[in-house]
Amino acid sequence: MATLHFQQIAKTYPNGTPVVRGLSLEIPDGEFMVIVGPSGCGKSTLLRMVAGLEPITSGEIRIDDKVINKLEPAERDIAMVFQNYALYPHMTVYDNMAYSLRIRKMSKQQIDTTVRAAAQTLGLEKLLERKPGELSGGQRQRVAMGRAIVRQPKVFLFDEPLSNLDAKLRVQMRLELQTLHQRLRTTSLYVTHDQIEAMTLADRMIVMNAGAAEQIGTPQEVFDEP
Ligand code: ADP
Ligand code: ADP
C-alpha cells in the first residue's frame, strides 16, 4: 500500500531557471499516473526529484505518512526505469537484477528465488547469463524492468521507457507493462510522449506545461476536452 503525495513541490536549478512550480497532487495506492507535456516542461526533473536523483527546492514529497524528500535514493522504496535502460554493461542479466538485493544484504537463496521469479515474469529465464551488449532493445528494457520489480518498491517511476524501441516492439512492451501493472498494482508515475501509451496505460494523467499541472484527469476527460 502506498499513496504518493506532492505538496507544493518546486524546483529551480542553480542557474536560476524554475522548472517545477509548486505542484500539489496525490497519487492513490495502485494508481497508474501518466505525465505528458512538451519537451522541457519538467517531466524528467519531477521524476528525478521523486527518485532522489535531484534535490527539491521547496515543498514535500511523502509516501503515505513518511516524508521521503530528504532520504537517500536507496532509502526511498522507489524504483525507476530509464529510457536508456541504465544497465551495468559488465554484469550479466542475473547480476544486474541481483545487484540491489545484494546491497540490501538479502540472503543468497532469497536473491536467487526473487531474481528467477522476476525473470520468469518477464520472459528472461534463458538470458540470465548474457550481458546487456548481447541483448536486443526489448530484452534490455525487460531487464531494466526486472531490476525494478525485484526490489518490490512502493512506487515505480518510468521515464519514457519504451521510446527507444521500434514501433512493433513498443506495442508489445506496452501490453506487457499493462499486464504487469494489473498483476502488481504498484503505484506508478509514467512519463511518455506517446498518446496511445498514455491512453491505454493511464488511470489518470497529468498534462504538464512550463512546470505546472495544466490538467489532471482520466484519459477520457483529458482527450475529450474541447
Ligand atoms: P522534460 O523531461 O519535460 O523534457 P526536463 O525536466 O528534462 O523536461 O527539463 C526541464 C527544464 O529544465 C528544461 O528547460 C531543461 O533544459 C532544464 N534542466 C534540466 N536539467 C537541468 C540541469 N541539471 N540544470 C539546469 N537546467 C536543467
Ligand atoms: P529529456 O529527454 O528529459 O528532454 P534532456 O535532453 O533535456 O532530457 O536532458 C538530458 C540530461 O541533461 C538530463 O540529465 C538533464 O538533467 C540534463 N540537462 C538538461 N538541460 C540541462 C541544462 N540546461 N543544464 C544542465 N543540464 C541539463
# chains A, B, ... in the order shown; residues from 1 in each chain; ligands from 1

$ residues_near_ligand --ligand "ligand 1" --cutoff "10 Å" --atoms "only C-alpha atoms and all ligand atoms" --output "ChimeraX atom specification"
/A:11-20,35-49,54,159-160,191-193,208-211

$ select_by_dssp --residues "chain A" --states "strand (DSSP E)" --output "VMD selection string"
chain A and resid 4 to 12 18 to 27 32 to 36 58 to 63 66 to 67 78 to 81 155 to 159 187 to 191 204 to 209 212 to 217

$ closest_residue --among "A:Leu53, A:Val93, A:Ile9, A:Leu4" --to "ligand 2" --atoms "only C-alpha atoms and all ligand atoms"
A:Leu53

$ atom_distance --atom1 "CA of Val115 (chain A)" --atom2 "CA of Gly146 (chain A)"
7.9 Å

$ closest_residue --among "A:Gly133, A:Gly123, A:Pro219, A:Pro55" --to "ligand 2" --atoms "only C-alpha atoms and all ligand atoms"
A:Pro55

$ atom_distance --atom1 "CA of Met1 (chain A)" --atom2 "CA of Ala148 (chain A)"
17.0 Å

$ residues_around --residues "Lys131 (chain A)" --least-positions-apart "5" --cutoff "7 Å" --atoms "only C-alpha atoms" --output "list in words"
Pro89, His90, Met91, Thr92 and Val93 of chain A

$ residues_around --residues "Met106 (chain A)" --least-positions-apart "6" --cutoff "12 Å" --atoms "only C-alpha atoms" --output "ChimeraX atom specification"
/A:98-100,112-115,150-151

$ residues_around --residues "Asp77 (chain A)" --least-positions-apart "5" --cutoff "12 Å" --atoms "only C-alpha atoms" --output "list in words"
Met1, Ala2, Leu4, Val50, Ala51, Gly52, Arg62, Ile63, Asp64, Lys66, Val67, Ile68, Asn69, Leu71, Glu72, Ser100, Arg104, Ala148, Ile149, Val150, Arg151, Gln152, Pro153, Lys154, Val155, Phe156, Leu157, Thr186 and Thr187 of chain A

$ write_last_selection --atoms "C-alpha atoms" --output "PDB file, in the first residue's frame"
ATOM      1  CA  MET A   1       0.000   0.000   0.000  1.00  0.00           C
ATOM      2  CA  ALA A   2       1.444   3.353  -0.978  1.00  0.00           C
ATOM      3  CA  LEU A   4       2.337   9.265  -3.177  1.00  0.00           C
ATOM      4  CA  VAL A  50      10.844  11.737  -6.532  1.00  0.00           C
ATOM      5  CA  ALA A  51      13.668   9.218  -7.054  1.00  0.00           C
ATOM      6  CA  GLY A  52      16.094  11.378  -5.079  1.00  0.00           C
ATOM      7  CA  ARG A  62       5.570  11.740   1.025  1.00  0.00           C
ATOM      8  CA  ILE A  63       4.761   8.079   0.627  1.00  0.00           C
ATOM      9  CA  ASP A  64       1.756   7.628   2.896  1.00  0.00           C
ATOM     10  CA  LYS A  66       6.532   9.227   5.507  1.00  0.00           C
ATOM     11  CA  VAL A  67       8.405  12.274   4.217  1.00  0.00           C
ATOM     12  CA  ILE A  68      10.894  10.961   1.663  1.00  0.00           C
ATOM     13  CA  ASN A  69      12.390  14.035   0.024  1.00  0.00           C
ATOM     14  CA  LEU A  71      16.153  10.449   2.177  1.00  0.00           C
ATOM     15  CA  GLU A  72      18.891   8.921   0.041  1.00  0.00           C
ATOM     16  CA  SER A 100      20.332  -4.021  -5.451  1.00  0.00           C
ATOM     17  CA  ARG A 104      20.415  -4.797   0.890  1.00  0.00           C
ATOM     18  CA  ALA A 148      12.929  -2.543 -10.746  1.00  0.00           C
ATOM     19  CA  ILE A 149      10.427  -5.249  -9.759  1.00  0.00           C
ATOM     20  CA  VAL A 150      12.834  -7.428  -7.718  1.00  0.00           C
ATOM     21  CA  ARG A 151      13.060  -4.629  -5.192  1.00  0.00           C
ATOM     22  CA  GLN A 152       9.296  -4.743  -4.625  1.00  0.00           C
ATOM     23  CA  PRO A 153       9.232  -0.957  -4.325  1.00  0.00           C
ATOM     24  CA  LYS A 154       6.258   1.034  -3.104  1.00  0.00           C
ATOM     25  CA  VAL A 155       6.400   3.247  -6.186  1.00  0.00           C
ATOM     26  CA  PHE A 156       7.583   2.745  -9.783  1.00  0.00           C
ATOM     27  CA  LEU A 157       8.865   5.637 -11.862  1.00  0.00           C
ATOM     28  CA  THR A 186       2.201  -0.814  -7.709  1.00  0.00           C
ATOM     29  CA  THR A 187       1.614   2.944  -7.595  1.00  0.00           C
TER      30      THR A 187
END

$ closest_residue --among "A:Arg185, A:Ile103, A:Thr57, A:Arg21" --to "Glu75 (chain A)" --atoms "only C-alpha atoms"
A:Ile103

$ closest_residue --among "A:Ile216, A:Ala167, A:Leu23, A:Val81" --to "Ala10 (chain A)" --atoms "only C-alpha atoms"
A:Leu23

$ atom_distance --atom1 "CA of Pro132 (chain A)" --atom2 "CA of Gln195 (chain A)"
29.1 Å

$ select_by_dssp --residues "region 43-220 of chain A" --states "alpha helix (DSSP H)" --output "PyMOL selection string"
chain A and resi 43-51+93-103+108-121+137-149+167-184+195-201+219-220

$ residues_around --residues "Thr218 (chain A)" --least-positions-apart "4" --cutoff "6 Å" --atoms "only C-alpha atoms" --output "PyMOL selection string"
chain A and resi 203-205

$ write_last_selection --atoms "all heavy atoms" --output "CSV table (one decimal), in the first residue's frame"
chain,number,residue,atom,x,y,z
A,203,ASP,N,-4.5,5.4,-15.5
A,203,ASP,CA,-5.8,5.5,-14.8
A,203,ASP,C,-6.1,7.0,-14.8
A,203,ASP,O,-7.3,7.4,-15.2
A,203,ASP,CB,-5.6,5.1,-13.3
A,203,ASP,CG,-5.3,3.6,-13.2
A,203,ASP,OD1,-6.0,2.8,-13.9
A,203,ASP,OD2,-4.5,3.2,-12.5
A,204,ARG,N,-5.1,7.9,-14.5
A,204,ARG,CA,-5.3,9.3,-14.7
A,204,ARG,C,-4.0,9.8,-15.3
A,204,ARG,O,-3.0,9.2,-15.3
A,204,ARG,CB,-5.5,10.0,-13.3
A,204,ARG,CG,-6.9,9.8,-12.8
A,204,ARG,CD,-7.1,10.8,-11.6
A,204,ARG,NE,-6.1,10.6,-10.5
A,204,ARG,CZ,-5.8,11.5,-9.6
A,204,ARG,NH1,-6.4,12.7,-9.7
A,204,ARG,NH2,-4.9,11.3,-8.7
A,205,MET,N,-4.1,11.0,-15.9
A,205,MET,CA,-2.9,11.7,-16.4
A,205,MET,C,-2.8,13.1,-16.1
A,205,MET,O,-3.8,13.8,-15.7
A,205,MET,CB,-2.9,11.4,-17.9
A,205,MET,CG,-4.1,11.9,-18.7
A,205,MET,SD,-4.1,11.3,-20.4
A,205,MET,CE,-2.7,12.2,-21.1

$ decode --residues "region 64-84 of chain A" --atoms "N, CA, C and O atoms" --output "CSV table (one decimal), in the first residue's frame"
chain,number,residue,atom,x,y,z
A,64,ASP,N,2.6,7.7,1.7
A,64,ASP,CA,1.8,7.6,2.9
A,64,ASP,C,2.1,8.7,3.9
A,64,ASP,O,2.1,9.9,3.5
A,65,ASP,N,2.5,8.4,5.1
A,65,ASP,CA,2.8,9.4,6.1
A,65,ASP,C,4.3,9.8,6.2
A,65,ASP,O,4.7,10.6,7.0
A,66,LYS,N,5.1,9.1,5.4
A,66,LYS,CA,6.5,9.2,5.5
A,66,LYS,C,7.1,10.3,4.5
A,66,LYS,O,6.9,10.1,3.3
A,67,VAL,N,7.8,11.3,5.1
A,67,VAL,CA,8.4,12.3,4.2
A,67,VAL,C,9.7,11.6,3.6
A,67,VAL,O,10.5,11.1,4.3
A,68,ILE,N,9.7,11.6,2.3
A,68,ILE,CA,10.9,11.0,1.7
A,68,ILE,C,11.9,11.9,1.0
A,68,ILE,O,13.0,11.5,0.6
A,69,ASN,N,11.5,13.2,0.9
A,69,ASN,CA,12.4,14.0,0.0
A,69,ASN,C,13.8,14.4,0.6
A,69,ASN,O,14.6,14.9,-0.1
A,70,LYS,N,14.0,14.0,1.9
A,70,LYS,CA,15.4,14.2,2.4
A,70,LYS,C,16.1,12.9,2.5
A,70,LYS,O,17.3,12.8,2.9
A,71,LEU,N,15.5,11.8,2.1
A,71,LEU,CA,16.2,10.4,2.2
A,71,LEU,C,17.1,10.2,1.0
A,71,LEU,O,16.8,10.8,-0.1
A,72,GLU,N,18.1,9.4,1.2
A,72,GLU,CA,18.9,8.9,0.0
A,72,GLU,C,18.0,8.1,-0.9
A,72,GLU,O,17.0,7.5,-0.5
A,73,PRO,N,18.4,8.1,-2.2
A,73,PRO,CA,17.6,7.3,-3.2
A,73,PRO,C,17.3,5.9,-2.7
A,73,PRO,O,16.2,5.4,-2.9
A,74,ALA,N,18.3,5.2,-2.2
A,74,ALA,CA,18.2,3.8,-1.8
A,74,ALA,C,17.2,3.6,-0.7
A,74,ALA,O,16.7,2.5,-0.4
A,75,GLU,N,17.0,4.7,0.1
A,75,GLU,CA,16.1,4.5,1.3
A,75,GLU,C,14.6,4.9,0.9
A,75,GLU,O,13.8,4.9,1.8
A,76,ARG,N,14.3,5.1,-0.3
A,76,ARG,CA,13.0,5.7,-0.6
A,76,ARG,C,12.0,4.7,-1.0
A,76,ARG,O,10.8,5.0,-1.2
A,77,ASP,N,12.4,3.4,-1.2
A,77,ASP,CA,11.4,2.4,-1.6
A,77,ASP,C,10.8,2.7,-3.0
A,77,ASP,O,9.6,2.5,-3.2
A,78,ILE,N,11.6,3.2,-3.8
A,78,ILE,CA,11.2,3.6,-5.2
A,78,ILE,C,12.1,3.0,-6.2
A,78,ILE,O,13.3,2.9,-5.9
A,79,ALA,N,11.6,2.5,-7.3
A,79,ALA,CA,12.4,2.0,-8.4
A,79,ALA,C,12.1,2.8,-9.7
A,79,ALA,O,11.0,3.1,-9.9
A,80,MET,N,13.2,3.1,-10.4
A,80,MET,CA,13.0,3.9,-11.6
A,80,MET,C,13.5,3.2,-12.8
A,80,MET,O,14.5,2.6,-12.8
A,81,VAL,N,12.7,3.2,-13.9
A,81,VAL,CA,13.1,2.6,-15.2
A,81,VAL,C,13.4,3.8,-16.2
A,81,VAL,O,12.6,4.6,-16.4
A,82,PHE,N,14.6,3.7,-16.8
A,82,PHE,CA,15.0,4.8,-17.6
A,82,PHE,C,14.9,4.5,-19.1
A,82,PHE,O,14.9,3.3,-19.5
A,83,GLN,N,14.8,5.5,-19.9
A,83,GLN,CA,14.7,5.4,-21.4
A,83,GLN,C,15.9,4.7,-21.9
A,83,GLN,O,15.8,3.8,-22.8
A,84,ASN,N,17.1,5.0,-21.4
A,84,ASN,CA,18.3,4.3,-21.9
A,84,ASN,C,18.7,3.1,-21.1
A,84,ASN,O,19.8,2.6,-21.2
